[in-house]
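Colleague: Take a look at the following structure, please.
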Amino acid sequence: MSRLESIRTAVIEGDANQTRTDVTRGLAEGISAADILNKALVSAMSEVGKRFEEGEYFVPEMLISARAMKEGLAILKPKLAAAAVEPAGKIAIGTVKGDLHDIGKNLVAMLMEGAGFKVFDLGVDVSPEKFSQAATNDIQVIAMSALLTTTMPMMQQTIQHLNKMGVRNRVHVIVGGASVTEAFAQSIGADAFAPDASTAARKALALVKKQSLFCVR
C-alpha cells in the first residue's frame, strides 16, 4: 500500500493516530502537501460522504473520520500556506441568531474542510450583520444552520440583510438544520438546502465550481 493510500485508509477508518503518523512520514518522504491533501484527505472524506449517503456510515463514523482528517490537515496547513496552495473555496458558517446549537454546524465545518475549503467558523447566535460582514471578506459560500423552528426566520432575515448590504450577489447561501426543508430554503431565496453535512459539502463544491465556470468567459 502506498503512503497516500495508507493516509486515505486511516481517515476512512477514523484512525487519527495513524493519520498523523502517515502524513508526517509522507512529508518526510517528499510527497507534496497538496498531493496529501487532495489525493488522500479530500479523497478519503469524499468516500466517507458517499458511504454516509448510501447508509453504510452514520453520523458517529463520519464524525470520527472528520476528526482524523483534521489531525492530518493540522500538520499540512503550514506546508500548504508556504506553498501557496489555493483552497477549493472559502466558506463562512454559523448557527443563526437565537440558536446556540453547534453539533451539526461543527460537523458541516469539518466536512467542508475535508472537501478542501478554507472555513471561517462564525460560531453560534450569529446575527445577520455578522454574516453580511463575512460576505465582504472574499467569501464564496455562506452556510447557515438552525435547529429550532423559532430561529428559522433568522435565515430569511439574514438573506434580506445580505441584499440590503449589496453583498448577496457575491455569495451562495446554503441552509440546513433539523427543522429546515427544501421548500423552506426555496421560499427564503437560498441557493441550496442540505439535509446533512455530507450533502452540504458536495453542494458547496458544486456551487463554487459553477461560479468559477460562470466567471471564466
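Each chain in the C-alpha cells gets a letter, A, B and so on, in the order shown; residues start at 1 in every chain, and ligands are counted from 1 in the order they appear.
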Set the distance at 8 Å and use only C-alpha atoms: which residues neighbour region 169-180 of chain A once local chain neighbours fewer than 4 positions away are removed? I'd like the list as a count of residues only.
Modeller: 28
Colleague: Please report, as a count of residues only, each residue of region 1-194 of chain A to which DSSP assigns helix (DSSP H, G or I) when run on this structure's backbone.
Modeller: 113
Colleague: Give me the residues near Arg20 (chain A) as a list in words, where near means some atom within 8 Å (using only C-alpha atoms) and where sequence neighbours in that chain fewer than 2 positions away do not count.
Modeller: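 Close residues of Arg20 (chain A): Ala16, Asn17, Gln18, Asp22, Val23, Thr24, Glu71, Gly72 and Ile75 of chain A.
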Colleague: Among chain A, which residues carry a DSSP assignment of strand (DSSP E), reported as number ranges by chain?
Modeller: A: 90-96, 118-126, 141-145, 172-176, 192-193
Colleague: Between A:Gly116, A:Pro153, A:Gly166, A:Gly123, which residue has the minimum interatomic distance to Lys70 (chain A), considering only C-alpha atoms?
Modeller: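 Among A:Gly116, A:Pro153, A:Gly166, A:Gly123, it is A:Gly116 that comes nearest to Lys70 (chain A).
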Colleague: Work out how far apart CA of Asn38 (chain A) and CA of Asn137 (chain A) are and give it in Å to one decimal.
Modeller: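 Going from CA of Asn38 (chain A) over to CA of Asn137 (chain A), I get 25.0 Å.
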Colleague: Would you list the contacts of Ala10 (chain A) as a PDB file with N, CA and C atoms, in the first residue's frame, taking every protein, DNA or RNA residue within 12 Å and counting only C-alpha atoms, but skipping same-chain residues closer than 4 positions in sequence?
Modeller:
```pdb
ATOM      1  N   MET A   1       0.849  -1.199   0.000  1.00  0.00           N
ATOM      2  CA  MET A   1       0.000   0.000   0.000  1.00  0.00           C
ATOM      3  C   MET A   1       0.884   1.248   0.000  1.00  0.00           C
ATOM      4  N   ARG A   3       1.919   5.292   0.489  1.00  0.00           N
ATOM      5  CA  ARG A   3       1.714   6.181   1.635  1.00  0.00           C
ATOM      6  C   ARG A   3       0.392   6.938   1.502  1.00  0.00           C
ATOM      7  N   LEU A   4       0.077   7.422   0.299  1.00  0.00           N
ATOM      8  CA  LEU A   4      -1.176   8.149   0.102  1.00  0.00           C
ATOM      9  C   LEU A   4      -2.377   7.242   0.361  1.00  0.00           C
ATOM     10  N   GLU A   5      -2.287   6.004  -0.084  1.00  0.00           N
ATOM     11  CA  GLU A   5      -3.375   5.055   0.155  1.00  0.00           C
ATOM     12  C   GLU A   5      -3.518   4.764   1.644  1.00  0.00           C
ATOM     13  N   SER A   6      -2.382   4.708   2.342  1.00  0.00           N
ATOM     14  CA  SER A   6      -2.404   4.443   3.778  1.00  0.00           C
ATOM     15  C   SER A   6      -3.077   5.593   4.528  1.00  0.00           C
ATOM     16  N   GLY A  14     -11.148   6.303  10.419  1.00  0.00           N
ATOM     17  CA  GLY A  14     -11.191   7.155  11.602  1.00  0.00           C
ATOM     18  C   GLY A  14     -10.033   6.965  12.555  1.00  0.00           C
ATOM     19  N   ASP A  15      -8.884   6.545  12.036  1.00  0.00           N
ATOM     20  CA  ASP A  15      -7.702   6.306  12.869  1.00  0.00           C
ATOM     21  C   ASP A  15      -6.845   7.575  12.890  1.00  0.00           C
ATOM     22  N   ALA A  16      -7.060   8.421  13.889  1.00  0.00           N
ATOM     23  CA  ALA A  16      -6.359   9.708  13.957  1.00  0.00           C
ATOM     24  C   ALA A  16      -4.859   9.534  14.165  1.00  0.00           C
ATOM     25  N   ASN A  17      -4.468   8.596  15.020  1.00  0.00           N
ATOM     26  CA  ASN A  17      -3.043   8.390  15.279  1.00  0.00           C
ATOM     27  C   ASN A  17      -2.308   7.959  14.012  1.00  0.00           C
ATOM     28  N   GLN A  18      -2.907   7.035  13.273  1.00  0.00           N
ATOM     29  CA  GLN A  18      -2.278   6.559  12.039  1.00  0.00           C
ATOM     30  C   GLN A  18      -2.248   7.662  10.994  1.00  0.00           C
ATOM     31  N   THR A  19      -3.296   8.480  10.980  1.00  0.00           N
ATOM     32  CA  THR A  19      -3.326   9.594  10.031  1.00  0.00           C
ATOM     33  C   THR A  19      -2.174  10.549  10.299  1.00  0.00           C
ATOM     34  N   ARG A  20      -1.984  10.926  11.559  1.00  0.00           N
ATOM     35  CA  ARG A  20      -0.882  11.826  11.909  1.00  0.00           C
ATOM     36  C   ARG A  20       0.467  11.211  11.523  1.00  0.00           C
ATOM     37  N   THR A  21       0.638   9.942  11.852  1.00  0.00           N
ATOM     38  CA  THR A  21       1.905   9.268  11.558  1.00  0.00           C
ATOM     39  C   THR A  21       2.179   9.233  10.067  1.00  0.00           C
ATOM     40  N   ASP A  22       1.176   8.851   9.290  1.00  0.00           N
ATOM     41  CA  ASP A  22       1.381   8.706   7.849  1.00  0.00           C
ATOM     42  C   ASP A  22       1.548  10.043   7.137  1.00  0.00           C
ATOM     43  N   VAL A  23       0.837  11.054   7.590  1.00  0.00           N
ATOM     44  CA  VAL A  23       1.015  12.383   6.980  1.00  0.00           C
ATOM     45  C   VAL A  23       2.434  12.880   7.247  1.00  0.00           C
ATOM     46  N   ALA A  40      -5.341  12.192  -0.725  1.00  0.00           N
ATOM     47  CA  ALA A  40      -5.564  11.351   0.457  1.00  0.00           C
ATOM     48  C   ALA A  40      -6.696  11.892   1.323  1.00  0.00           C
ATOM     49  N   LEU A  41      -6.525  13.101   1.875  1.00  0.00           N
ATOM     50  CA  LEU A  41      -7.526  13.613   2.822  1.00  0.00           C
ATOM     51  C   LEU A  41      -8.859  13.931   2.139  1.00  0.00           C
ATOM     52  N   SER A  43      -9.893  13.013  -0.817  1.00  0.00           N
ATOM     53  CA  SER A  43     -10.408  11.775  -1.408  1.00  0.00           C
ATOM     54  C   SER A  43     -11.062  10.887  -0.360  1.00  0.00           C
ATOM     55  N   ALA A  44     -10.447  10.802   0.812  1.00  0.00           N
ATOM     56  CA  ALA A  44     -10.995   9.976   1.892  1.00  0.00           C
ATOM     57  C   ALA A  44     -12.343  10.509   2.352  1.00  0.00           C
ATOM     58  N   MET A  45     -12.444  11.827   2.547  1.00  0.00           N
ATOM     59  CA  MET A  45     -13.699  12.397   3.024  1.00  0.00           C
ATOM     60  C   MET A  45     -14.793  12.310   1.970  1.00  0.00           C
ATOM     61  N   VAL A  48     -16.043   8.886   2.520  1.00  0.00           N
ATOM     62  CA  VAL A  48     -16.833   8.851   3.754  1.00  0.00           C
ATOM     63  C   VAL A  48     -18.227   9.422   3.491  1.00  0.00           C
ATOM     64  N   ILE A  64     -15.937  10.645  13.408  1.00  0.00           N
ATOM     65  CA  ILE A  64     -14.617  10.093  13.732  1.00  0.00           C
ATOM     66  C   ILE A  64     -13.662  10.271  12.559  1.00  0.00           C
ATOM     67  N   SER A  65     -14.153  10.026  11.349  1.00  0.00           N
ATOM     68  CA  SER A  65     -13.313  10.217  10.164  1.00  0.00           C
ATOM     69  C   SER A  65     -12.941  11.680   9.980  1.00  0.00           C
ATOM     70  N   ALA A  66     -13.906  12.566  10.228  1.00  0.00           N
ATOM     71  CA  ALA A  66     -13.645  14.002  10.087  1.00  0.00           C
ATOM     72  C   ALA A  66     -12.579  14.460  11.072  1.00  0.00           C
ATOM     73  N   ARG A  67     -12.611  13.911  12.272  1.00  0.00           N
ATOM     74  CA  ARG A  67     -11.596  14.277  13.274  1.00  0.00           C
ATOM     75  C   ARG A  67     -10.219  13.763  12.873  1.00  0.00           C
ATOM     76  N   ALA A  68     -10.177  12.578  12.299  1.00  0.00           N
ATOM     77  CA  ALA A  68      -8.898  12.051  11.812  1.00  0.00           C
ATOM     78  C   ALA A  68      -8.359  12.933  10.693  1.00  0.00           C
ATOM     79  N   MET A  69      -9.255  13.350   9.797  1.00  0.00           N
ATOM     80  CA  MET A  69      -8.857  14.243   8.712  1.00  0.00           C
ATOM     81  C   MET A  69      -8.273  15.537   9.259  1.00  0.00           C
ATOM     82  N   GLU A  71      -6.751  16.049  12.037  1.00  0.00           N
ATOM     83  CA  GLU A  71      -5.420  15.808  12.590  1.00  0.00           C
ATOM     84  C   GLU A  71      -4.368  15.881  11.486  1.00  0.00           C
ATOM     85  N   GLY A  72      -4.691  15.277  10.368  1.00  0.00           N
ATOM     86  CA  GLY A  72      -3.761  15.326   9.237  1.00  0.00           C
ATOM     87  C   GLY A  72      -3.655  16.727   8.656  1.00  0.00           C
TER      88      GLY A  72
END
```
Colleague: Could you jot down the CA of Val167 (chain A) to CA of Phe120 (chain A) separation for me, Å, one decimal place?
Modeller: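 Between CA of Val167 (chain A) and CA of Phe120 (chain A) the gap is 17.2 Å.
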Colleague: Of the residues A:Asp99, A:Glu129, A:Glu53, A:Asp121, which is the one nearest to Ala197 (chain A), using only C-alpha atoms?
Modeller: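 Under the stated criterion, the closest residue is A:Glu53.
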Colleague: Quote the spacing between CA of Ala82 (chain A) and CA of Val11 (chain A) in Å to one decimal place.
Modeller: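 One can read the CA of Ala82 (chain A) to CA of Val11 (chain A) distance as 24.0 Å.
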Colleague: Which one is closest to Asn106 (chain A): A:Gly94, A:Asp138, A:Arg25, A:Lys130? Count only C-alpha atoms.
Modeller: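 Counting only C-alpha atoms, the residue closest to Asn106 (chain A) is A:Gly94.
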Colleague: Please list as an MDAnalysis selection string every residue within 12 Å of Glu47 (chain A), counting only C-alpha atoms and excluding residues in the same chain fewer than 4 positions away.
Modeller: chainID A and resid 8:9 11:13 39:43 51:54 56:57 62 65:66 111 114:115 198 202
Colleague: Output C-alpha atoms for every residue in the selection just made, as a short mmCIF file (atom, residue, chain, number, x, y, z; two decimals), in the first residue's frame.
Modeller:
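result05.cif, written as the output of this step:
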```
data_model
loop_
_atom_site.label_atom_id
_atom_site.label_comp_id
_atom_site.auth_asym_id
_atom_site.auth_seq_id
_atom_site.Cartn_x
_atom_site.Cartn_y
_atom_site.Cartn_z
CA ARG A 8 -6.66 7.68 2.86
CA THR A 9 -7.47 4.38 4.57
CA VAL A 11 -9.03 8.68 7.54
CA ILE A 12 -11.82 6.47 6.22
CA GLU A 13 -11.38 4.19 9.23
CA LYS A 39 -5.22 12.60 -3.13
CA ALA A 40 -5.56 11.35 0.46
CA LEU A 41 -7.53 13.61 2.82
CA VAL A 42 -10.06 15.08 0.40
CA SER A 43 -10.41 11.77 -1.41
CA ARG A 51 -20.76 5.83 2.45
CA PHE A 52 -22.91 8.09 4.62
CA GLU A 53 -25.31 8.84 1.79
CA GLU A 54 -25.54 5.14 0.97
CA GLU A 56 -23.13 2.41 5.22
CA TYR A 57 -21.79 5.07 7.58
CA MET A 62 -18.48 10.32 9.83
CA SER A 65 -13.31 10.22 10.16
CA ALA A 66 -13.64 14.00 10.09
CA LEU A 111 -16.56 18.08 6.20
CA GLY A 114 -12.33 17.76 4.28
CA ALA A 115 -13.60 18.88 0.87
CA SER A 198 -22.07 15.32 3.52
CA ARG A 202 -20.99 18.28 -2.01
#
```
Colleague: Considering only C-alpha atoms, can you say which of A:Leu107, A:Ala206, A:Ile7, A:Leu37 comes closest to Pro87 (chain A)?
Modeller: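 Comparing A:Leu107, A:Ala206, A:Ile7, A:Leu37 against Pro87 (chain A), the winner is A:Leu37.
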